[in-house]
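Colleague: Below is the file upload28.tsv, with TSV, C-alpha atoms (C1' of nucleotides).
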chain	number	residue	atom	x	y	z
A	1	MET	CA	-3.17	-2.64	0.17
A	2	PRO	CA	-4.11	-5.39	-1.57
A	3	GLU	CA	-1.02	-6.97	-3.11
A	4	LEU	CA	-0.97	-9.43	-5.99
A	5	PRO	CA	-3.03	-12.26	-4.36
A	6	GLU	CA	-5.75	-9.86	-3.22
A	7	VAL	CA	-5.93	-8.11	-6.60
A	8	GLU	CA	-6.03	-11.50	-8.34
A	9	THR	CA	-8.89	-12.56	-6.07
A	10	VAL	CA	-10.82	-9.39	-6.90
A	11	ALA	CA	-10.13	-9.88	-10.63
A	12	ARG	CA	-11.51	-13.42	-10.51
A	13	GLY	CA	-14.56	-12.31	-8.59
A	14	LEU	CA	-15.33	-9.51	-11.05
A	15	ARG	CA	-14.76	-11.80	-14.02
A	16	GLN	CA	-17.20	-14.32	-12.62
A	17	ALA	CA	-19.80	-11.73	-11.67
A	18	LEU	CA	-19.75	-9.15	-14.43
A	19	VAL	CA	-18.18	-10.27	-17.73
A	20	GLY	CA	-20.76	-9.95	-20.50
A	21	ARG	CA	-22.68	-7.19	-18.72
A	22	ARG	CA	-23.29	-3.85	-20.37
A	23	LEU	CA	-22.30	-0.68	-18.50
A	24	LEU	CA	-25.27	1.67	-18.23
A	25	ALA	CA	-23.74	4.46	-16.19
A	26	LEU	CA	-20.49	5.43	-14.53
A	27	GLU	CA	-20.79	7.89	-11.69
A	28	LEU	CA	-17.58	9.49	-10.48
A	29	ARG	CA	-18.40	10.82	-7.03
A	30	ARG	CA	-14.92	12.04	-6.16
A	31	ALA	CA	-13.03	13.38	-9.14
A	32	SER	CA	-9.63	13.31	-7.44
A	33	ILE	CA	-9.39	9.52	-7.61
A	34	PHE	CA	-9.54	9.64	-11.40
A	35	LYS	CA	-6.29	10.18	-13.23
A	36	GLY	CA	-6.81	11.89	-16.58
A	37	ASP	CA	-9.74	13.55	-18.31
A	38	ALA	CA	-12.90	12.55	-16.48
A	39	ALA	CA	-15.02	13.81	-19.39
A	40	ALA	CA	-13.79	10.79	-21.37
A	41	LEU	CA	-15.61	8.51	-18.95
A	42	GLY	CA	-18.89	9.33	-20.68
A	43	ALA	CA	-17.77	7.21	-23.64
A	44	MET	CA	-17.76	4.16	-21.38
A	45	GLU	CA	-21.53	4.14	-21.06
A	46	GLY	CA	-23.06	1.53	-23.32
A	47	THR	CA	-19.88	-0.55	-23.56
A	48	THR	CA	-19.75	-4.22	-22.64
A	49	LEU	CA	-17.32	-5.73	-20.15
A	50	THR	CA	-15.47	-8.38	-22.14
A	51	GLY	CA	-12.75	-9.30	-19.67
A	52	VAL	CA	-11.01	-8.54	-16.40
A	53	ALA	CA	-7.23	-8.80	-16.24
A	54	ARG	CA	-4.58	-8.09	-13.64
A	55	GLY	CA	-1.16	-6.52	-14.18
A	56	GLY	CA	0.83	-6.40	-10.97
A	57	LYS	CA	-1.47	-4.67	-8.50
A	58	TYR	CA	-3.60	-3.09	-11.23
A	59	LEU	CA	-7.00	-4.36	-12.28
A	60	VAL	CA	-7.83	-3.94	-15.94
A	61	LEU	CA	-11.49	-3.84	-16.95
A	62	GLU	CA	-11.75	-4.41	-20.70
A	63	LEU	CA	-14.70	-2.56	-22.22
A	64	HIS	CA	-15.81	-2.86	-25.86
A	65	ASP	CA	-18.56	-1.20	-27.86
A	66	GLY	CA	-18.03	-2.73	-31.27
A	67	ASP	CA	-15.80	-0.04	-32.73
A	68	HIS	CA	-13.80	0.93	-29.69
A	69	ARG	CA	-11.97	-0.83	-26.93
A	70	TRP	CA	-10.96	0.72	-23.64
A	71	GLN	CA	-9.17	-0.35	-20.54
A	72	LEU	CA	-10.41	0.98	-17.23
A	73	LEU	CA	-7.40	0.68	-14.92
A	74	ILE	CA	-7.97	0.49	-11.20
A	75	HIS	CA	-5.39	0.49	-8.42
A	76	LEU	CA	-6.76	-0.21	-4.96
A	77	GLY	CA	-4.05	1.68	-3.07
A	78	MET	CA	-3.96	0.66	0.58
A	79	THR	CA	-7.64	0.42	1.46
A	80	GLY	CA	-9.52	0.20	-1.85
A	81	GLN	CA	-12.44	-2.18	-2.32
A	82	LEU	CA	-14.46	-3.13	-5.40
A	83	LEU	CA	-17.80	-4.50	-4.33
A	84	VAL	CA	-20.50	-6.05	-6.50
A	85	GLN	CA	-23.77	-4.83	-5.02
A	86	PRO	CA	-27.40	-5.61	-5.73
A	87	ALA	CA	-29.59	-2.94	-7.32
A	88	GLY	CA	-30.33	-0.09	-4.93
A	89	ALA	CA	-27.77	-1.13	-2.33
A	90	PRO	CA	-26.86	1.68	0.06
A	91	ARG	CA	-23.56	3.42	-0.57
A	92	GLN	CA	-21.10	2.95	2.20
A	93	PRO	CA	-18.98	5.90	3.26
A	94	HIS	CA	-16.00	6.60	0.98
A	95	THR	CA	-17.68	5.23	-2.14
A	96	HIS	CA	-15.90	7.22	-4.87
A	97	ALA	CA	-17.29	5.64	-8.04
A	98	VAL	CA	-20.35	3.58	-8.95
A	99	LEU	CA	-20.67	1.54	-12.16
A	100	ALA	CA	-24.23	0.46	-12.95
A	101	TRP	CA	-24.75	-2.65	-15.10
A	102	ASP	CA	-27.62	-3.82	-17.28
A	103	ASP	CA	-28.76	-6.48	-14.81
A	104	GLY	CA	-29.32	-3.84	-12.14
A	105	ARG	CA	-26.26	-4.62	-10.11
A	106	GLU	CA	-23.63	-2.02	-9.28
A	107	LEU	CA	-19.89	-2.09	-8.81
A	108	HIS	CA	-18.86	0.20	-5.95
A	109	PHE	CA	-15.32	1.49	-5.65
A	110	ARG	CA	-14.70	2.59	-2.10
A	111	ASP	CA	-11.42	3.63	-0.54
A	112	PRO	CA	-11.30	5.37	2.87
A	113	ARG	CA	-7.68	6.36	2.61
A	114	ARG	CA	-7.96	7.52	-1.00
A	115	PHE	CA	-4.66	6.18	-2.21
A	116	GLY	CA	-6.47	4.19	-4.91
A	117	ARG	CA	-6.74	5.44	-8.50
A	118	MET	CA	-8.71	4.92	-11.68
A	119	ALA	CA	-7.51	5.72	-15.19
A	120	LEU	CA	-8.74	5.17	-18.72
A	121	ALA	CA	-6.73	4.05	-21.72
A	122	PRO	CA	-7.46	2.96	-25.26
A	123	GLU	CA	-6.60	-0.72	-25.44
A	124	PRO	CA	-3.31	-1.40	-27.23
A	125	ALA	CA	-2.95	-4.22	-29.76
A	126	HIS	CA	-1.78	-6.51	-27.02
A	127	GLY	CA	-0.54	-6.26	-23.48
A	128	PHE	CA	-1.39	-3.41	-21.16
A	129	ALA	CA	-1.90	0.27	-21.80
A	130	PRO	CA	1.03	2.65	-21.34
A	131	GLU	CA	-0.55	3.95	-18.13
A	132	LEU	CA	0.66	0.69	-16.63
A	133	GLY	CA	4.19	1.46	-17.73
A	134	VAL	CA	5.05	2.93	-14.35
A	135	ALA	CA	4.68	-0.55	-12.94
A	136	ALA	CA	6.05	-2.42	-15.92
A	137	GLY	CA	8.01	-4.96	-13.93
A	138	ALA	CA	7.83	-8.67	-14.58
A	139	GLU	CA	4.96	-10.82	-13.29
A	140	PRO	CA	6.29	-12.88	-10.36
A	141	LEU	CA	4.30	-15.97	-11.38
A	142	ALA	CA	5.37	-15.78	-15.01
A	143	ILE	CA	9.04	-14.85	-14.91
A	144	GLY	CA	11.50	-17.70	-15.57
A	145	PRO	CA	14.52	-18.53	-13.40
A	146	GLU	CA	17.17	-16.97	-15.66
A	147	ALA	CA	15.26	-13.73	-16.15
A	148	PHE	CA	14.66	-13.53	-12.40
A	149	VAL	CA	18.37	-13.93	-11.63
A	150	GLU	CA	19.21	-11.34	-14.27
A	151	LEU	CA	16.74	-8.89	-12.71
A	152	PHE	CA	18.25	-8.97	-9.21
A	153	ARG	CA	21.84	-10.06	-9.64
A	154	GLY	CA	24.39	-7.53	-8.42
A	155	ARG	CA	21.83	-5.10	-6.97
A	156	GLN	CA	23.22	-3.09	-4.09
A	157	ALA	CA	19.87	-2.22	-2.50
A	158	PRO	CA	18.60	-4.51	0.27
A	159	ILE	CA	16.84	-7.43	-1.40
A	160	LYS	CA	13.51	-6.54	0.19
A	161	ASN	CA	13.59	-3.03	-1.28
A	162	ALA	CA	14.33	-4.49	-4.70
A	163	LEU	CA	11.50	-7.04	-4.35
A	164	MET	CA	9.00	-4.28	-3.69
A	165	ASN	CA	10.22	-2.14	-6.59
A	166	GLN	CA	7.33	-2.45	-9.06
A	167	LYS	CA	9.58	-1.55	-11.97
A	168	LEU	CA	11.51	-4.76	-11.42
A	169	LEU	CA	8.82	-7.16	-10.25
A	170	ARG	CA	5.20	-6.12	-10.01
A	171	GLY	CA	2.75	-7.32	-7.42
A	172	LEU	CA	4.79	-7.91	-4.27
A	173	GLY	CA	4.20	-5.58	-1.34
A	174	ASN	CA	5.20	-5.63	2.30
A	175	ILE	CA	3.38	-8.79	3.37
A	176	TYR	CA	4.42	-11.07	0.55
A	177	ALA	CA	7.98	-9.73	0.40
A	178	ASP	CA	8.42	-10.60	4.10
A	179	GLU	CA	6.76	-14.01	3.75
A	180	SER	CA	8.75	-14.93	0.63
A	181	LEU	CA	12.06	-13.92	2.20
A	182	PHE	CA	11.29	-16.04	5.26
A	183	ARG	CA	10.54	-19.10	3.13
A	184	ALA	CA	13.71	-18.54	1.14
A	185	GLY	CA	15.78	-18.21	4.34
A	186	LEU	CA	17.02	-14.82	3.18
A	187	ASP	CA	17.59	-11.76	5.38
A	188	PRO	CA	15.58	-8.78	4.06
A	189	ARG	CA	18.76	-6.64	4.30
A	190	ALA	CA	20.82	-8.97	2.10
A	191	ARG	CA	22.61	-7.23	-0.79
A	192	ALA	CA	24.17	-8.62	-3.96
A	193	VAL	CA	22.38	-11.93	-3.44
A	194	SER	CA	23.96	-14.98	-5.07
A	195	ARG	CA	22.47	-16.81	-8.02
A	196	ALA	CA	21.66	-19.90	-5.96
A	197	ARG	CA	19.80	-17.86	-3.36
A	198	LEU	CA	17.93	-15.91	-6.02
A	199	LEU	CA	16.73	-19.15	-7.57
A	200	ARG	CA	15.50	-20.28	-4.17
A	201	LEU	CA	13.83	-16.91	-3.62
A	202	ARG	CA	11.94	-17.17	-6.89
A	203	LEU	CA	10.51	-20.54	-5.89
A	204	ALA	CA	9.56	-19.19	-2.46
A	205	ILE	CA	7.71	-16.26	-4.04
A	206	ARG	CA	5.80	-18.60	-6.35
A	207	ALA	CA	4.80	-20.87	-3.47
A	208	VAL	CA	3.69	-18.00	-1.22
A	209	LEU	CA	1.67	-16.25	-3.93
A	210	ARG	CA	-0.02	-19.46	-5.06
A	211	GLU	CA	-1.00	-20.40	-1.52
A	212	ALA	CA	-2.25	-16.89	-0.85
A	213	ILE	CA	-4.36	-16.81	-4.02
A	214	ALA	CA	-5.84	-20.19	-3.10
A	215	ALA	CA	-6.77	-18.74	0.30
A	216	GLY	CA	-8.39	-15.66	-1.25
A	217	GLY	CA	-5.63	-13.29	-0.08
A	218	SER	CA	-4.81	-11.83	3.35
A	219	SER	CA	-7.33	-9.71	5.26
A	220	ILE	CA	-5.30	-7.51	7.59
A	221	SER	CA	-7.75	-4.64	8.01
A	222	ASP	CA	-9.84	-3.45	5.09
A	223	TYR	CA	-9.34	-6.06	2.43
A	224	VAL	CA	-12.35	-7.99	1.15
A	225	GLY	CA	-13.02	-9.60	-2.23
A	226	SER	CA	-15.60	-8.30	-4.68
A	227	ASP	CA	-18.23	-10.44	-2.93
A	228	GLY	CA	-17.42	-8.80	0.41
A	229	GLU	CA	-15.74	-11.96	1.75
A	230	PRO	CA	-12.35	-11.70	3.46
A	231	GLY	CA	-9.32	-13.80	2.53
A	232	TRP	CA	-7.71	-16.20	4.98
A	233	PHE	CA	-4.03	-16.24	4.17
A	234	HIS	CA	-3.17	-13.94	7.10
A	235	LEU	CA	-3.77	-16.98	9.33
A	236	ARG	CA	-0.78	-18.56	7.65
A	237	HIS	CA	1.61	-15.63	7.84
A	238	ARG	CA	4.87	-16.86	9.34
A	239	VAL	CA	6.61	-13.55	10.02
A	240	TYR	CA	4.48	-10.62	8.83
A	241	GLY	CA	2.85	-8.90	11.81
A	242	ARG	CA	4.30	-11.47	14.25
A	243	THR	CA	6.91	-9.30	15.98
A	244	GLY	CA	8.07	-10.95	19.21
A	245	GLN	CA	6.23	-14.19	18.52
A	246	PRO	CA	8.17	-17.44	18.06
A	247	CYS	CA	9.54	-18.29	14.63
A	248	PRO	CA	7.55	-21.27	13.32
A	249	ARG	CA	10.81	-23.00	12.42
A	250	CYS	CA	13.24	-22.33	15.31
A	251	ARG	CA	10.98	-20.74	17.98
A	252	ARG	CA	13.20	-17.68	18.44
A	253	ALA	CA	11.47	-14.30	18.45
A	254	ILE	CA	10.54	-12.66	15.16
A	255	HIS	CA	12.25	-9.26	14.78
A	256	ARG	CA	10.88	-6.07	13.28
A	257	ILE	CA	13.08	-3.44	11.65
A	258	VAL	CA	12.38	-0.53	9.32
A	259	LEU	CA	13.53	-0.87	5.72
A	260	ALA	CA	12.58	1.45	2.89
A	261	GLY	CA	10.38	3.30	5.39
A	262	ARG	CA	8.29	0.17	6.08
A	263	SER	CA	8.38	-2.50	8.71
A	264	ALA	CA	10.22	-5.68	7.82
A	265	HIS	CA	9.56	-8.83	9.85
A	266	PHE	CA	12.05	-11.69	9.89
A	267	CYS	CA	13.73	-14.40	11.93
A	268	PRO	CA	17.36	-13.41	12.57
A	269	ALA	CA	18.30	-17.06	13.08
A	270	CYS	CA	16.64	-18.65	10.03
A	271	GLN	CA	17.20	-15.84	7.54
A	272	LYS	CA	20.79	-15.25	6.36
A	273	LYS	CA	22.52	-12.36	4.67
B	1	DA	C1'	21.42	5.25	-12.13
B	2	DT	C1'	19.98	4.32	-7.71
B	3	DG	C1'	18.28	4.91	-3.33
B	4	DC	C1'	16.52	7.37	0.51
B	5	DT	C1'	12.67	10.74	2.75
B	6	DA	C1'	8.49	13.08	2.91
B	7	DC	C1'	4.06	13.12	1.63
B	8	DC	C1'	-0.59	12.00	0.09
B	9	DC	C1'	-5.25	10.34	3.31
B	10	DT	C1'	-8.34	8.09	7.02
B	11	DG	C1'	-9.15	5.00	10.75
B	12	DG	C1'	-7.97	2.00	14.53
B	13	DC	C1'	-5.57	1.28	18.55
B	14	DA	C1'	-2.54	1.94	22.72
B	15	DG	C1'	-1.34	4.86	26.30
B	16	DC	C1'	-2.18	8.68	29.16
C	1	DT	C1'	-14.44	9.51	27.88
C	2	DG	C1'	-11.49	12.09	25.48
C	3	DC	C1'	-7.03	13.39	23.53
C	4	DT	C1'	-2.49	12.38	21.25
C	5	DG	C1'	0.70	9.82	18.85
C	6	DC	C1'	1.68	6.01	16.18
C	7	DC	C1'	0.86	2.65	12.82
C	8	DA	C1'	-1.06	0.64	8.45
C	9	DG	C1'	-1.17	-3.63	2.69
C	10	DG	C1'	0.70	1.83	-1.86
C	11	DG	C1'	3.07	5.00	-5.08
C	12	DT	C1'	5.52	9.18	-6.46
C	13	DA	C1'	8.15	13.49	-6.40
C	14	DG	C1'	12.17	15.49	-5.16
C	15	DC	C1'	16.55	15.40	-3.48
C	16	DA	C1'	21.35	13.28	-2.38
Take the structure in the file and give it back as structure tokens.
Modeller:
Amino acid sequence: MPELPEVETVARGLRQALVGRRLLALELRRASIFKGDAAALGAMEGTTLTGVARGGKYLVLELHDGDHRWQLLIHLGMTGQLLVQPAGAPRQPHTHAVLAWDDGRELHFRDPRRFGRMALAPEPAHGFAPELGVAAGAEPLAIGPEAFVELFRGRQAPIKNALMNQKLLRGLGNIYADESLFRAGLDPRARAVSRARLLRLRLAIRAVLREAIAAGGSSISDYVGSDGEPGWFHLRHRVYGRTGQPCPRCRRAIHRIVLAGRSAHFCPACQKK
DNA sequence: ATGCTACCCTGGCAGC
DNA sequence: TGCTGCCAGGGTAGCA
């Protein structure tokens, strides 16, 4: 899926395109992607989209109708797309939900692999709804150096597994974990990582995520932004998906191993345990 | 508490 | 041109 930079790109696109629009109808075409009581979705009709936020890999559509406030939470899974479409646009295969707005445009949620989910929550006083609690880790671009060290210091799991644990840090997935570890010179299997290396890792994560957001994310297979445009950061991947190719720093071959049931790409010479 | 494995789905690709 | 097996950006349940 879309990881943090891709979800951020989608959030920005939706904010630009749809904030201020009134929701006329919400059609759930495949009930299984909705988590919770789908009957409650009827209350969304007539509400106005007042904001679009991101929490980790979740998108949060804020909907108000004067008296009530809701959050429509969307996770794109591995292959989810949210596409802003003109009125009457054809529905591509795997379109599971359609939101129709008062200017005639539609927001299509499509997801071939169906790992994506939607949920509804009353908006809390501040912060995100409890439904996001399962991924209540810290935001990688907001967490300070001391809190970051505290989060990972002394952990016995391989550092890459810990980085992808959304309860610790939310938003990193396989691509950006691999890329961040390469830039930090850290082996994905490293355990009980030192304070100095954790500080370096935090800076690497920030740099990678910022560059990726600026490039509109990485388009490996299905990912496109809400305007249908791909991102370009995959052109700047240094290790992810480059098994056997030369390391951009030392020219030795990039290795691929399996960690936490997923492929991990790294340079055995440049990345230390 | 923490960390693995299997599983949920479809589609694309390599190899036969 | 099939067919089969493998792989894929995610998360969670269940078990050790």
Colleague: Quick one: pull the distance between CA of Pro188 (chain A) and CA of Pro158 (chain A), Å, one decimal.
Modeller: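 Value for the CA of Pro188 (chain A)-CA of Pro158 (chain A) distance: 6.5 Å.
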Colleague: Choose the residue, out of A:Ala119, A:Ala260, A:Leu76, A:Ala40, that has the smallest atom-to-atom separation from DT5 (chain B); count all atoms listed in the file.
Modeller: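 Smallest separation from DT5 (chain B) among the options: A:Ala260.
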Colleague: Residues proximal to (-4.2, 9.0, 4.5) were defined as those with any atom within 7 Å of that point in the file's coordinates, counting all atoms listed in the file. Which are they, as JSON, numbers by chain?
Modeller: {"A": [113, 114], "B": [8, 9, 10]}
Colleague: Find the residues of chain A in contact range of chain C, meaning any atom within 12 Å when counting only C-alpha atoms (C1' of nucleotides), and list them as a ChimeraX atom specification.
Modeller: /A:1-7,57-58,75-80,113-117,134-135,164-167,171-178,217-223,234,240-241,262-263
Colleague: Quick one: pull the distance between CA of Ala97 (chain A) and CA of His68 (chain A), Å, one decimal.
Modeller: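 Here the two named atoms are 22.4 Å from each other.
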